[in-house]
Amino acid sequence: SIIGHKACIPNTLISSGTMSKSIDPPVEQINAFGDHGPLRRIIAEDPEWSLALVPPLSILCLQNIVTNFEGMLFKELLPAHKEYVLGRLPPSLPLHVTANLISDPGYWRRCCVQRWNPCDVSQYGHSWKRMFFEKHLENLLELFIPDVTPPQSILELVPLCRDYVLRLDVSQLLPPIKEPGNPGRESDVGPSMDHFDFGLLLDQLSRLEELRLVYRVRGCGMNFEWNLFEFTLRDCEALARALKSCHTLKVIRMLCQSKVEDERCRILALHLLDHPSLLELDLSHNLIGDRGARAIAKLLSRSRLEGLDLYDNEVAGPGGRAIAHALSRSATLRSLNLRLNRLGDEGGRAVGQALLTNRTLRRLHLGANEMGEASAAVLAQVLVQNDTLTSINLSCNSLGADGGKILEDAMSHNNAVTEFDVRLTEVGEGSEAFIGQRVRSNQGRVREQIVFIDPTNMIDRVADQC
């Protein structure tokens, strides 16, 4: 071993015949990277590599099912294996495979988050699957271009989504593409439809309850043209037939800012007569006048409507009288919104007279209708005699100080109204303060009528007045 160490000694020291005493005895150096026997480890180049055993055959099979997903194999899996597969399925699978096979909320949540993040599932009954199919169908409708997009691309989705679509909120409908004109020749062939024909769809959605619809183009910018916001007569007739054929519809909130005037309103109302399930109708922000209001009044007398919104239209006194006549005979209407119209005292007094006999209406909005003291006098009688009305809004009318005194005296005899808005009516600060105080008193009285049936978890309100 000494001979072996001489190789490390300088020649000058060896030639002298003696080794320098200053040199320490040779000590075997420890190599930190040397072989340590049982401590030896293999560092893999793959950072995900581990010393774990090969996955069980069942896991390898499940991974293969995820990669090559088919419905037949999935149905035969055990519950634990189904859970493993569902947690790893990609959201990009075709809908004809997953729609009627997968009900797992986690999978449909991933599908929704991938396309529409952030997502508020509370607006869809806390159902991720319902949210996906409703928003997916809405997107297809909003991007449909007449004579360009094949209707079959939407209709082939119907068998997959009909059990999950309860509401449609279509915020735009595209018109046909305008072809460049030929100055030497005029074409007699127009587009087959002006917008998507809902007659192809609505009668096939067997669970549809609510429809929100606007005929417009979002974000048109510098390409603005009035025809991008046009609800044509052909659109109206097709839509009216479609609404009539959908017997499950309960709520129609449609045509906001679509320039619906009297003729189109009459067509829609005619087809909705005797509808078996319609409960709410909203035709706000349009151009409906007295003739359209008379058609709505006829619909009100031949339906089970509980809510009617016609605010921001052009309904004047004659139209107000027609609606009031239907209101006096209605046994179902609970909410009526006529704000931002032109009823005047003629229409205001007519609505007030109707409420002297009506015992179902709970909420009334007559704000900004050019009403004066004459309307306030009739409505004061309503406050004294009608104990069903709980909310009334008369804001932005010229009721005057005398009208305020009349309403103040009437409110002193009323125990039912819990909301009463008389702002910007020139009634005077004293009358407005008294009315507000009386409303707060009624609110407290309603709270006192709460009966605790089960103190642990159940409360029953005796009067449905809030």
# chains A, B, ... in the order shown; residues from 1 in each chain; ligands from 1

$ residues_around --residues "Phe132 of chain A" --least-positions-apart "2" --cutoff "8 Å" --atoms "only C-alpha atoms" --output "list of chain:residue names"
A:Trp108, A:Cys111, A:Cys112, A:Trp128, A:Lys129, A:Arg130, A:Glu134, A:Lys135, A:His136

$ closest_atom_pairs --of "segment 299-356 of chain A" --to "segment 379-382 of chain A" --cutoff "10 Å" --atoms "only C-alpha atoms" --output "CSV"
residue,atom,partner,partner_atom,distance
A:Gly348,CA,A:Leu379,CA,8.4
A:Arg349,CA,A:Leu379,CA,7.5
A:Ala350,CA,A:Leu379,CA,9.9
A:Val351,CA,A:Leu379,CA,8.5
A:Gly352,CA,A:Leu379,CA,5.2
A:Gln353,CA,A:Val382,CA,7.8
A:Ala354,CA,A:Val382,CA,9.2
A:Leu355,CA,A:Val382,CA,6.3
A:Leu356,CA,A:Val382,CA,5.7

$ atom_distance --atom1 "atom CA of Leu338 of chain A" --atom2 "atom CA of Asn414 of chain A"
23.3 Å

$ atom_distance --atom1 "atom CA of Ala295 of chain A" --atom2 "atom CA of Leu310 of chain A"
12.5 Å

$ select_by_dssp --residues "segment 359-450 of chain A" --states "strand (DSSP E or B)" --output "list in words"
Arg363, Leu364, His365, Ser391, Ile392, Asn393, Glu419, Phe420, Asp421 and Ile450 of chain A

$ write_last_selection --atoms "N, CA, C and O atoms" --output "compact mmCIF listing (two decimals), in the first residue's frame"
# COMPACT_ATOMS: atom_id res chain seq x y z
N ARG A 363 -99.18 44.77 -7.06
CA ARG A 363 -98.15 45.75 -7.38
C ARG A 363 -98.60 46.57 -8.61
O ARG A 363 -98.97 46.00 -9.64
N LEU A 364 -98.54 47.90 -8.47
CA LEU A 364 -98.97 48.81 -9.55
C LEU A 364 -97.92 49.90 -9.72
O LEU A 364 -97.53 50.56 -8.76
N HIS A 365 -97.46 50.09 -10.97
CA HIS A 365 -96.47 51.13 -11.27
C HIS A 365 -97.05 52.03 -12.36
O HIS A 365 -97.22 51.62 -13.50
N SER A 391 -98.18 47.54 -3.10
CA SER A 391 -97.11 48.39 -3.63
C SER A 391 -97.68 49.26 -4.74
O SER A 391 -98.31 48.76 -5.67
N ILE A 392 -97.43 50.59 -4.63
CA ILE A 392 -97.93 51.52 -5.64
C ILE A 392 -96.86 52.58 -5.88
O ILE A 392 -96.26 53.11 -4.94
N ASN A 393 -96.62 52.89 -7.15
CA ASN A 393 -95.60 53.87 -7.53
C ASN A 393 -96.26 54.92 -8.42
O ASN A 393 -96.73 54.62 -9.51
N GLU A 419 -95.30 49.72 0.25
CA GLU A 419 -94.42 50.47 -0.65
C GLU A 419 -95.26 51.52 -1.36
O GLU A 419 -96.26 51.19 -2.00
N PHE A 420 -94.83 52.79 -1.23
CA PHE A 420 -95.60 53.88 -1.86
C PHE A 420 -94.60 54.97 -2.25
O PHE A 420 -94.03 55.63 -1.41
N ASP A 421 -94.39 55.14 -3.56
CA ASP A 421 -93.39 56.08 -4.06
C ASP A 421 -94.11 57.30 -4.64
O ASP A 421 -94.84 57.19 -5.63
N ILE A 450 -96.14 37.70 11.65
CA ILE A 450 -95.42 36.45 11.41
C ILE A 450 -95.75 35.45 12.52
O ILE A 450 -95.68 35.78 13.69

$ residues_around --residues "Leu270 of chain A" --least-positions-apart "6" --cutoff "12 Å" --atoms "only C-alpha atoms" --output "short mmCIF file (atom, residue, chain, number, x, y, z; two decimals) with N, CA, C and O atoms, in the first residue's frame"
data_model
loop_
_atom_site.label_atom_id
_atom_site.label_comp_id
_atom_site.auth_asym_id
_atom_site.auth_seq_id
_atom_site.Cartn_x
_atom_site.Cartn_y
_atom_site.Cartn_z
N CYS A 236 -92.34 38.53 -37.20
CA CYS A 236 -93.43 38.57 -36.23
C CYS A 236 -94.39 37.41 -36.44
O CYS A 236 -94.79 36.74 -35.46
N GLU A 237 -94.77 37.16 -37.65
CA GLU A 237 -95.71 36.07 -37.93
C GLU A 237 -95.11 34.71 -37.58
O GLU A 237 -95.77 33.85 -37.00
N ALA A 240 -94.89 34.48 -33.73
CA ALA A 240 -96.22 34.30 -33.12
C ALA A 240 -96.68 32.86 -33.22
O ALA A 240 -97.20 32.28 -32.26
N ARG A 241 -96.48 32.25 -34.37
CA ARG A 241 -96.85 30.84 -34.54
C ARG A 241 -96.01 29.95 -33.63
O ARG A 241 -96.53 28.97 -33.06
N LEU A 243 -94.63 30.77 -30.70
CA LEU A 243 -95.05 30.93 -29.31
C LEU A 243 -96.35 30.17 -29.04
O LEU A 243 -96.54 29.60 -27.97
N LYS A 244 -97.24 30.19 -30.00
CA LYS A 244 -98.50 29.47 -29.84
C LYS A 244 -98.29 27.97 -29.74
O LYS A 244 -99.00 27.27 -29.00
N GLU A 263 -99.28 47.03 -34.99
CA GLU A 263 -99.64 45.91 -35.86
C GLU A 263 -98.96 44.62 -35.41
O GLU A 263 -99.60 43.57 -35.30
N ARG A 264 -97.68 44.67 -35.10
CA ARG A 264 -96.97 43.49 -34.67
C ARG A 264 -97.44 43.04 -33.29
O ARG A 264 -97.52 41.85 -32.99
N GLY A 292 -102.41 48.65 -30.00
CA GLY A 292 -101.72 47.52 -29.40
C GLY A 292 -102.16 47.26 -27.98
O GLY A 292 -102.26 46.10 -27.55
N ARG A 294 -105.12 47.76 -26.75
CA ARG A 294 -106.42 47.08 -26.78
C ARG A 294 -106.24 45.59 -27.05
O ARG A 294 -106.97 44.77 -26.49
N ALA A 295 -105.28 45.25 -27.91
CA ALA A 295 -105.01 43.83 -28.15
C ALA A 295 -104.47 43.15 -26.89
O ALA A 295 -104.85 42.02 -26.57
N ILE A 296 -103.61 43.85 -26.15
CA ILE A 296 -103.09 43.30 -24.89
C ILE A 296 -104.22 43.15 -23.88
O ILE A 296 -104.26 42.18 -23.10
N ALA A 297 -105.15 44.10 -23.87
CA ALA A 297 -106.29 44.00 -22.94
C ALA A 297 -107.13 42.78 -23.24
O ALA A 297 -107.59 42.08 -22.33
N LYS A 298 -107.34 42.49 -24.51
CA LYS A 298 -108.08 41.28 -24.89
C LYS A 298 -107.33 40.03 -24.44
O LYS A 298 -107.95 39.07 -23.95
N LEU A 299 -106.00 40.05 -24.60
CA LEU A 299 -105.20 38.91 -24.14
C LEU A 299 -105.31 38.75 -22.62
O LEU A 299 -105.41 37.63 -22.10
N LEU A 300 -105.33 39.88 -21.92
CA LEU A 300 -105.43 39.83 -20.46
C LEU A 300 -106.74 39.20 -20.00
O LEU A 300 -106.79 38.50 -18.98
N ARG A 302 -108.34 36.91 -21.68
CA ARG A 302 -108.41 35.53 -22.16
C ARG A 302 -107.10 34.79 -21.92
O ARG A 302 -106.56 34.13 -22.79
N SER A 303 -106.59 34.94 -20.72
CA SER A 303 -105.36 34.24 -20.35
C SER A 303 -105.30 34.17 -18.82
O SER A 303 -106.18 34.68 -18.12
#
